[in-house]
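Source file final-v5.tsv; content: TSV, C-alpha atoms.
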```tsv
chain	number	residue	atom	x	y	z
A	171	MET	CA	0.00	0.00	0.00
A	172	ASP	CA	2.81	2.40	0.89
A	173	LEU	CA	4.49	1.64	-2.43
A	174	THR	CA	1.25	2.40	-4.29
A	175	TYR	CA	0.98	5.84	-2.68
A	176	LEU	CA	4.65	6.50	-3.44
A	177	ILE	CA	4.18	5.58	-7.11
A	178	LEU	CA	1.02	7.74	-7.30
A	179	ALA	CA	2.82	10.71	-5.75
A	180	ALA	CA	5.75	10.27	-8.13
A	181	ALA	CA	3.35	10.12	-11.08
A	182	ILE	CA	1.62	13.34	-10.01
A	183	VAL	CA	4.93	15.13	-9.56
A	184	GLY	CA	6.14	13.82	-12.91
A	185	CYS	CA	2.99	15.02	-14.70
A	186	GLN	CA	3.32	18.43	-13.09
A	187	LEU	CA	6.95	18.72	-14.14
A	188	LEU	CA	6.04	17.61	-17.67
A	189	TYR	CA	3.22	20.17	-17.83
A	190	THR	CA	5.54	22.90	-16.54
A	191	GLY	CA	8.14	21.95	-19.13
A	192	VAL	CA	5.60	22.08	-21.96
A	193	LEU	CA	4.42	25.54	-20.84
A	194	PHE	CA	8.01	26.76	-20.62
A	195	LEU	CA	8.76	25.58	-24.17
A	196	HIS	CA	5.54	27.18	-25.43
A	197	TYR	CA	6.43	30.57	-23.95
A	198	ARG	CA	10.03	30.22	-25.14
A	199	GLN	CA	8.80	29.73	-28.72
A	200	ALA	CA	6.55	32.78	-28.36
A	201	ALA	CA	9.54	34.80	-27.17
A	202	GLN	CA	11.58	33.66	-30.17
A	203	ARG	CA	8.81	34.66	-32.58
A	204	SER	CA	8.48	38.10	-30.99
A	205	GLY	CA	11.88	39.27	-32.22
A	206	LEU	CA	12.76	40.68	-28.78
A	207	PRO	CA	15.85	39.67	-26.79
A	208	TYR	CA	14.89	37.26	-24.02
A	209	THR	CA	16.18	35.36	-21.04
A	210	TRP	CA	14.51	32.90	-18.68
A	211	SER	CA	13.75	32.33	-15.01
A	212	LEU	CA	11.93	29.55	-13.15
A	213	VAL	CA	10.13	32.12	-10.97
A	214	HIS	CA	9.32	35.76	-11.71
A	215	GLU	CA	8.71	38.60	-9.29
A	216	LEU	CA	4.95	38.86	-9.95
A	217	GLN	CA	4.30	35.26	-8.88
A	218	GLY	CA	3.31	34.14	-5.39
A	219	PRO	CA	6.42	31.94	-4.95
A	220	ALA	CA	8.52	35.11	-5.39
A	221	PHE	CA	7.66	36.05	-1.80
A	222	ILE	CA	9.63	32.96	-0.72
A	223	THR	CA	12.53	33.31	-3.17
A	224	ASP	CA	12.76	37.03	-2.36
A	225	ALA	CA	13.14	36.42	1.38
A	226	ILE	CA	15.68	33.61	0.93
A	227	LEU	CA	17.84	35.32	-1.70
A	228	ARG	CA	17.87	38.69	0.07
A	229	TRP	CA	19.12	36.96	3.20
A	230	TRP	CA	21.68	34.86	1.30
A	231	TYR	CA	23.08	37.76	-0.77
A	232	ARG	CA	22.89	40.53	1.85
A	233	ASP	CA	26.69	40.91	1.97
A	234	TYR	CA	27.02	40.64	-1.81
A	235	LEU	CA	24.49	43.45	-2.34
A	236	GLU	CA	26.49	45.81	-0.14
A	237	GLN	CA	29.25	45.69	-2.78
A	238	GLY	CA	26.95	47.51	-5.22
A	239	LYS	CA	27.11	44.82	-7.93
A	240	GLY	CA	23.38	44.23	-8.16
A	241	TRP	CA	21.90	40.74	-8.30
A	242	PRO	CA	23.51	37.65	-9.86
A	243	ARG	CA	22.00	36.93	-13.26
A	244	TRP	CA	20.44	33.61	-12.30
A	245	ALA	CA	18.61	35.10	-9.28
A	246	ARG	CA	17.71	38.56	-10.59
A	247	PHE	CA	14.13	38.00	-11.76
A	248	MET	CA	13.12	35.88	-8.74
A	249	ILE	CA	13.48	38.95	-6.50
A	250	LYS	CA	10.57	41.29	-5.90
A	251	ASP	CA	11.53	44.83	-6.91
A	252	TRP	CA	14.94	43.65	-8.11
A	253	HIS	CA	15.20	46.82	-10.21
A	254	TYR	CA	16.40	48.97	-7.33
A	255	GLU	CA	19.64	47.09	-6.61
A	256	ASP	CA	20.13	46.27	-10.29
A	257	ARG	CA	19.95	49.91	-11.47
A	258	ARG	CA	20.45	49.64	-15.28
A	259	ARG	CA	22.43	46.39	-15.48
A	260	ALA	CA	19.66	44.32	-17.09
A	261	THR	CA	18.87	47.14	-19.52
A	262	LEU	CA	22.50	47.42	-20.57
A	263	GLU	CA	22.66	43.66	-20.98
A	264	TYR	CA	19.42	43.04	-22.92
A	265	GLY	CA	18.21	46.45	-24.15
A	266	ASP	CA	15.30	48.79	-23.44
A	267	TYR	CA	12.81	46.00	-24.22
A	268	PHE	CA	13.38	42.37	-23.31
A	269	LEU	CA	11.34	39.33	-22.34
A	270	VAL	CA	11.71	36.98	-19.40
A	271	VAL	CA	10.41	33.47	-20.15
A	272	THR	CA	8.91	31.58	-17.21
A	273	PRO	CA	6.59	28.56	-16.92
A	274	ASN	CA	3.96	31.02	-15.70
A	275	GLY	CA	4.11	33.28	-18.78
A	276	LEU	CA	6.10	36.09	-20.37
A	277	ILE	CA	7.17	39.38	-18.83
A	278	CYS	CA	8.36	42.29	-20.93
A	279	TYR	CA	10.54	44.81	-19.08
A	280	ILE	CA	10.51	48.30	-20.57
A	281	SER	CA	13.15	50.96	-19.93
A	282	ASP	CA	12.12	53.42	-22.65
A	283	PRO	CA	10.23	56.41	-21.17
A	284	GLY	CA	8.73	57.19	-24.58
A	285	THR	CA	6.74	53.95	-24.72
A	286	ALA	CA	3.17	54.22	-23.46
A	287	GLY	CA	2.66	50.48	-23.13
A	288	GLY	CA	-1.07	50.03	-23.68
A	289	HIS	CA	-4.00	51.86	-25.19
A	290	ASP	CA	-6.73	54.22	-24.06
A	291	ALA	CA	-9.57	52.60	-22.13
A	292	GLU	CA	-13.11	53.91	-22.00
A	293	TRP	CA	-14.17	55.00	-18.54
A	294	GLY	CA	-17.77	53.89	-18.94
A	295	GLU	CA	-20.39	53.95	-16.21
A	296	GLY	CA	-21.24	50.96	-14.04
A	297	LYS	CA	-21.18	47.58	-15.72
A	298	SER	CA	-23.40	48.26	-18.71
A	299	PRO	CA	-22.39	46.00	-21.63
A	300	ASP	CA	-22.67	48.97	-23.96
A	301	ASN	CA	-19.72	50.67	-22.24
A	302	VAL	CA	-17.34	47.69	-22.13
A	303	PRO	CA	-14.46	48.11	-24.63
A	304	ALA	CA	-13.82	45.32	-27.11
A	305	GLY	CA	-11.63	42.59	-25.64
A	306	HIS	CA	-12.58	43.43	-22.05
A	307	LYS	CA	-15.11	41.97	-19.63
A	308	SER	CA	-15.93	45.21	-17.82
A	309	SER	CA	-15.50	48.95	-18.15
A	310	LEU	CA	-12.64	50.76	-16.43
A	311	VAL	CA	-14.90	52.15	-13.72
A	312	GLY	CA	-16.43	48.70	-13.22
A	313	ALA	CA	-13.01	47.07	-12.88
A	314	LEU	CA	-11.79	49.68	-10.41
A	315	THR	CA	-14.98	49.32	-8.39
A	316	ASP	CA	-14.63	45.52	-8.23
A	317	VAL	CA	-11.00	45.71	-7.12
A	318	ILE	CA	-11.52	48.37	-4.48
A	319	MET	CA	-14.74	46.97	-3.07
A	320	HIS	CA	-13.35	43.48	-2.53
A	321	LEU	CA	-10.08	44.33	-0.86
A	322	PRO	CA	-9.88	42.93	2.69
A	323	HIS	CA	-8.69	46.26	4.06
A	324	ILE	CA	-11.90	47.96	3.01
A	325	LEU	CA	-14.04	45.16	4.38
A	326	LEU	CA	-12.52	45.85	7.79
A	327	LEU	CA	-14.49	49.11	7.82
A	328	PRO	CA	-18.12	47.99	8.45
A	329	ARG	CA	-21.15	49.90	7.24
A	330	TRP	CA	-22.40	50.61	10.77
A	331	PHE	CA	-19.20	52.54	11.53
A	332	LEU	CA	-20.07	55.10	8.86
A	333	GLY	CA	-23.49	55.49	10.47
A	334	GLU	CA	-21.91	56.13	13.87
A	335	GLU	CA	-19.66	58.84	12.41
A	336	ARG	CA	-22.69	60.50	10.81
A	337	GLU	CA	-24.51	60.51	14.17
A	338	LYS	CA	-21.53	62.16	15.86
A	339	LEU	CA	-21.43	64.90	13.24
A	340	LEU	CA	-25.18	65.50	13.51
A	341	TYR	CA	-25.05	66.00	17.27
A	342	ASN	CA	-21.70	67.81	17.30
A	343	ASN	CA	-21.62	70.02	14.25
A	344	SER	CA	-19.18	72.59	15.62
A	345	ASP	CA	-16.10	73.37	13.58
A	346	SER	CA	-13.97	72.94	16.70
A	347	SER	CA	-14.65	69.18	16.88
A	348	ARG	CA	-11.68	66.99	16.08
A	349	GLU	CA	-11.47	66.17	12.37
A	350	ASN	CA	-10.11	62.96	10.86
A	351	LEU	CA	-9.91	61.53	7.35
A	352	LEU	CA	-13.27	59.77	7.59
A	353	THR	CA	-15.17	62.78	8.94
A	354	ALA	CA	-13.48	64.99	6.34
A	355	VAL	CA	-15.14	62.86	3.65
A	356	ILE	CA	-18.50	62.38	5.40
A	357	ARG	CA	-19.05	66.03	6.41
A	358	PRO	CA	-19.15	67.54	2.87
A	359	ASN	CA	-21.17	64.50	1.78
A	360	MET	CA	-23.82	65.32	4.39
A	361	ASP	CA	-23.84	68.95	3.25
A	362	ALA	CA	-24.41	67.77	-0.32
A	363	GLU	CA	-27.38	65.68	0.84
A	364	LYS	CA	-29.03	68.77	2.34
A	365	LYS	CA	-28.58	70.69	-0.91
A	366	ALA	CA	-29.50	67.81	-3.20
A	367	ASP	CA	-32.83	69.33	-4.19
A	368	ALA	CA	-31.15	72.49	-5.46
A	369	LEU	CA	-28.50	70.69	-7.49
A	370	ILE	CA	-28.69	69.06	-10.87
A	371	GLY	CA	-27.25	65.57	-11.15
A	372	ARG	CA	-25.46	63.46	-8.58
A	373	SER	CA	-23.46	65.36	-5.96
A	374	ARG	CA	-22.73	62.89	-3.14
A	375	PHE	CA	-20.91	59.63	-2.46
A	376	THR	CA	-22.51	56.32	-1.55
A	377	ASP	CA	-21.24	54.47	1.53
A	378	GLU	CA	-19.26	52.13	-0.71
A	379	GLU	CA	-17.62	55.09	-2.46
A	380	ILE	CA	-16.72	56.68	0.87
A	381	LYS	CA	-14.99	53.46	1.95
A	382	GLY	CA	-13.15	53.28	-1.37
A	383	ASN	CA	-11.94	56.88	-1.14
A	384	VAL	CA	-10.70	56.46	2.43
A	385	PHE	CA	-8.78	53.34	1.40
A	386	ILE	CA	-7.17	55.09	-1.58
A	387	PHE	CA	-6.12	58.01	0.64
A	388	LEU	CA	-4.52	55.66	3.16
A	389	VAL	CA	-2.70	53.43	0.67
A	390	ALA	CA	-1.65	55.97	-1.96
A	391	GLY	CA	-1.06	58.89	0.38
A	392	TYR	CA	0.44	57.36	3.50
A	393	ASP	CA	3.10	54.78	2.68
A	394	THR	CA	4.52	56.60	-0.34
A	395	THR	CA	4.70	59.90	1.51
A	396	ALA	CA	6.31	58.29	4.56
A	397	ASN	CA	9.00	56.62	2.45
A	398	THR	CA	9.73	59.85	0.56
A	399	VAL	CA	10.15	61.75	3.84
A	400	GLN	CA	12.39	58.99	5.17
A	401	PHE	CA	14.72	59.03	2.16
A	402	SER	CA	14.77	62.84	2.13
A	403	SER	CA	15.75	62.94	5.80
A	404	LEU	CA	18.56	60.46	5.24
A	405	VAL	CA	19.95	62.46	2.31
A	406	LEU	CA	19.84	65.68	4.34
A	407	ALA	CA	21.59	63.96	7.26
A	408	PHE	CA	24.44	62.72	5.04
A	409	HIS	CA	24.81	65.90	2.97
A	410	GLN	CA	25.24	68.89	5.27
A	411	ASP	CA	25.67	71.37	2.41
A	412	VAL	CA	22.34	70.38	0.88
A	413	GLN	CA	20.66	70.57	4.29
A	414	GLU	CA	21.94	74.10	4.87
A	415	ARG	CA	20.79	75.30	1.45
A	416	VAL	CA	17.30	73.86	2.00
A	417	LEU	CA	17.08	75.55	5.41
A	418	ASP	CA	18.31	78.86	3.97
A	419	GLU	CA	15.56	78.80	1.35
A	420	ILE	CA	12.90	78.03	3.97
A	421	ASP	CA	14.19	80.81	6.25
A	422	ALA	CA	14.18	83.22	3.31
A	423	ALA	CA	10.56	82.33	2.54
A	424	TYR	CA	9.51	83.04	6.14
A	425	ALA	CA	11.44	86.31	6.12
A	426	GLN	CA	9.74	87.37	2.90
A	427	ALA	CA	6.33	86.48	4.33
A	428	LYS	CA	7.07	88.54	7.43
A	429	ASN	CA	8.04	91.53	5.27
A	430	GLU	CA	4.69	91.18	3.53
A	431	GLY	CA	2.84	91.24	6.86
A	432	ARG	CA	2.09	87.51	7.07
A	433	SER	CA	2.95	85.27	10.02
A	434	GLU	CA	2.42	82.01	8.13
A	435	LEU	CA	3.31	80.72	4.69
A	436	SER	CA	0.61	80.36	2.06
A	437	TYR	CA	0.36	78.15	-1.01
A	438	GLU	CA	-0.44	81.05	-3.30
A	439	HIS	CA	2.40	83.37	-2.31
A	440	ASP	CA	5.21	81.09	-1.10
A	441	TYR	CA	4.90	77.79	-2.97
A	442	PRO	CA	6.68	79.04	-6.14
A	443	ARG	CA	9.63	80.30	-4.07
A	444	PHE	CA	10.86	76.85	-3.04
A	445	ARG	CA	12.81	76.14	-6.21
A	446	TYR	CA	15.80	74.44	-4.63
A	447	LEU	CA	13.59	72.46	-2.24
A	448	PHE	CA	11.55	71.07	-5.13
A	449	ALA	CA	14.69	70.27	-7.12
A	450	PHE	CA	15.98	68.42	-4.04
A	451	MET	CA	12.73	66.44	-3.65
A	452	TYR	CA	12.68	65.51	-7.34
A	453	GLU	CA	16.26	64.29	-7.11
A	454	VAL	CA	15.47	62.19	-4.02
A	455	MET	CA	12.51	60.57	-5.77
A	456	ARG	CA	14.68	59.93	-8.83
A	457	ALA	CA	17.45	58.26	-6.83
A	458	PHE	CA	14.99	56.34	-4.62
A	459	PRO	CA	11.92	55.48	-6.71
A	460	ILE	CA	9.02	55.04	-4.31
A	461	VAL	CA	6.84	52.98	-6.67
A	462	GLN	CA	8.97	50.22	-8.18
A	463	THR	CA	6.64	48.08	-10.27
A	464	LEU	CA	4.14	49.46	-12.78
A	465	ALA	CA	2.58	46.50	-14.57
A	466	GLN	CA	0.02	46.01	-17.33
A	467	VAL	CA	-1.04	43.11	-19.52
A	468	ALA	CA	-0.91	43.24	-23.32
A	469	VAL	CA	-4.45	42.54	-24.52
A	470	GLY	CA	-3.29	41.99	-28.11
A	471	GLY	CA	0.03	41.86	-29.91
A	472	GLN	CA	1.78	45.16	-29.25
A	473	GLY	CA	4.55	46.61	-31.36
A	474	VAL	CA	7.68	48.10	-29.83
A	475	PRO	CA	10.44	49.96	-31.69
A	476	MET	CA	13.84	48.33	-32.12
A	477	ASP	CA	17.15	49.51	-33.54
A	478	LYS	CA	16.36	47.56	-36.70
A	479	GLY	CA	12.64	47.54	-37.46
A	480	SER	CA	10.18	46.59	-34.74
A	481	ALA	CA	9.11	43.62	-32.64
A	482	ILE	CA	5.76	42.35	-31.39
A	483	VAL	CA	5.04	41.68	-27.72
A	484	PRO	CA	2.73	38.61	-27.64
A	485	ALA	CA	-0.82	38.94	-26.28
A	486	GLY	CA	-1.07	38.13	-22.57
A	487	THR	CA	2.46	39.30	-21.82
A	488	ARG	CA	2.90	41.21	-18.58
A	489	LEU	CA	4.42	44.63	-19.28
A	490	VAL	CA	6.56	46.05	-16.47
A	491	VAL	CA	8.05	49.55	-16.58
A	492	ASN	CA	11.54	49.51	-15.07
A	493	ASN	CA	11.42	52.90	-13.31
A	494	THR	CA	14.87	52.60	-11.79
A	495	ALA	CA	16.53	51.93	-15.15
A	496	ILE	CA	14.84	55.02	-16.58
A	497	HIS	CA	15.79	57.16	-13.58
A	498	TYR	CA	19.43	56.13	-13.89
A	499	ASP	CA	19.65	56.57	-17.67
A	500	PRO	CA	22.62	58.97	-18.07
A	501	ASP	CA	21.07	60.72	-21.10
A	502	ILE	CA	17.77	61.37	-19.33
A	503	LEU	CA	19.57	62.30	-16.12
A	504	ALA	CA	21.79	64.84	-17.87
A	505	GLN	CA	18.81	66.51	-19.56
A	506	SER	CA	16.83	66.52	-16.32
A	507	ARG	CA	19.66	68.19	-14.43
A	508	ARG	CA	20.07	70.82	-17.16
A	509	ASP	CA	16.36	71.62	-16.92
A	510	ARG	CA	16.51	71.93	-13.14
A	511	ALA	CA	19.61	74.10	-13.29
A	512	ALA	CA	17.83	76.40	-15.73
A	513	ALA	CA	14.79	76.53	-13.43
A	514	LEU	CA	16.96	77.40	-10.43
A	515	ALA	CA	18.80	80.09	-12.40
A	516	GLY	CA	15.49	81.58	-13.54
```
What would you get if you wrote out this structure as structure tokens?
Amino acid sequence: MDLTYLILAAAIVGCQLLYTGVLFLHYRQAAQRSGLPYTWSLVHELQGPAFITDAILRWWYRDYLEQGKGWPRWARFMIKDWHYEDRRRATLEYGDYFLVVTPNGLICYISDPGTAGGHDAEWGEGKSPDNVPAGHKSSLVGALTDVIMHLPHILLLPRWFLGEEREKLLYNNSDSSRENLLTAVIRPNMDAEKKADALIGRSRFTDEEIKGNVFIFLVAGYDTTANTVQFSSLVLAFHQDVQERVLDEIDAAYAQAKNEGRSELSYEHDYPRFRYLFAFMYEVMRAFPIVQTLAQVAVGGQGVPMDKGSAIVPAGTRLVVNNTAIHYDPDILAQSRRDRAAALAG
């Protein structure tokens, strides 16, 4: 009996390996037909197993990474957000467009800022079949609604909690009450309900839309901002001359505001004066890209320019913009710094 189970398990594993091998050969042939340079990897960063390979390889190569050599070739694409340590090494090796063949599919990495990578999508309204673009199962607004409304983080905010916040605002409508992100969204929504009769068209959010907006604020406005502030603080700590110039510009803005009879800075009057500060922030975000992976999926065959003619990215290929490679492109960097120098001089 034990031998039977062992043979059955071996047969299942063998079939799975055979199936994986067939898929790999299929995607390899598609890569060859595309005309793009390609390489291969058993696991890619957008797969679930990459969470395991990422943790193991980052631990194993922690000392190697400190040498500034990037990732070894064989391990590169099994690392989540490998672009940061790699800088432009993969781009210099394979080009601005290249494919990675895996048993799970094809990935096309793009390091050309002039490539849009996709096509315009109709916004639509709801899930009406009349507004669904050809080749898609739902409109853009329908897809966004489905994604946002089914995220576990949003489900942690129950409907009754919104009702409690409304009750608090009804019984304590003073402007001095403590404001938070949720009440900041609910309060104007309640005002719009009172004026609904005098307005034409829809002017308020549903409860589901309020939950979606709060989630977007927290995810897109919290983590990215915190990381940008962290990197900026580190750069200022290590570069005393930059820190002093930033402080001098801030002090000068406050002095100018005081001369104009104002005790506080204002967006209208003082925002344009922080030229060096903005140049500093842009440079920090260039050197430390906050959002690493921007991915799409090619609905149909998509052409990309090559040195000699063009190539076709196969349908179903995941398209990933390599932000770090673009940010560290010496030609783009030189032009960007010339533009900023001209802005500072002006």
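Neighbouring residues of A:Val405 at 12 Å or closer, counting only C-alpha atoms and skipping chain neighbours under 5 positions away, are Thr398, Val399, Gln400, Gln410, Asp411, Val412, Gln413, Val416, Phe450, Met451, Glu453, Val454, Met455, Ala457 and Phe458 of chain A.
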Next item on the list: Find the spatial neighbours of stretch 246-251 of chain A, counting only C-alpha atoms, within a cut-off of 7 Å - ignore same-chain residues fewer than 3 positions away - and output them as number ranges by chain.
Entry: A: 211, 213-215, 220, 223-224, 241-243, 254, 462-463
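When all atoms listed in the file are used to compute distances to A:Tyr424, the closest of the residues A:Arg443, A:His409, A:Arg198, A:Arg232 turns out to be A:Arg443.
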Notebook entry, point to check: What does the distance from atom CA of A:Ala481 to atom CA of A:Ser204 come to in Å, to one decimal?
Noted result: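 About the pair atom CA of A:Ala481 and atom CA of A:Ser204: they are 5.8 Å apart.
Close contacts of A:Tyr264, defined as residues with an atom at most 7 Å away when counting all atoms listed in the file, with chain neighbours fewer than 4 positions off set aside, comprise Pro207, Ala260 and Phe268 of chain A.
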Notebook entry, point to check: Between A:Ala427, A:Val469, A:Ala495, A:Leu173, which is the closest to A:Arg257 once you count all atoms listed in the file?
Noted result: A:Ala495
Check: Within 7 Å of A:Ala465, counting only C-alpha atoms, which residues qualify if same-chain residues fewer than 6 places away don't, as a ChimeraX atom specification?
Finding: /A:488-491
Notebook entry, point to check: In Å to one decimal, how far is atom CA of A:Ala468 from atom CA of A:Gly205?
Noted result: 16.1 Å
Check: With all atoms listed in the file as the atoms that count, which of A:Tyr441, A:Tyr446, A:Phe194, A:Trp244 lies nearest to A:Asp418?
Finding: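 Using all atoms listed in the file, A:Asp418 sits closest to A:Tyr446.
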Checklist line | Interatomic distance (Å, one decimal) between atom CA of A:Phe448 and atom CA of A:Thr261 | finding: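 Atom CA of A:Thr261 lies 28.9 Å from atom CA of A:Phe448.
Proximity ranking of A:Ala504, A:Val474, A:Ala201, A:Glu255 relative to A:Asp282 places A:Val474 first, based on all atoms listed in the file.
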Note to self: Could you check the closest approach to A:Leu269 for each of A:Pro484, A:Gly191, A:Gln186, A:Ser403 and tell me which residue wins, using all atoms listed in the file?
What the structure shows: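 Result for the nearest residue to A:Leu269: A:Pro484.
Every protein or nucleic acid residue with an atom no more than 10 Å from A:Tyr231, counting only C-alpha atoms and leaving out same-chain residues fewer than 2 positions away, appears here: Ile226, Leu227, Arg228, Trp229, Asp233, Tyr234, Leu235, Glu236, Gly240, Trp241, Pro242 and Ala245 of chain A.
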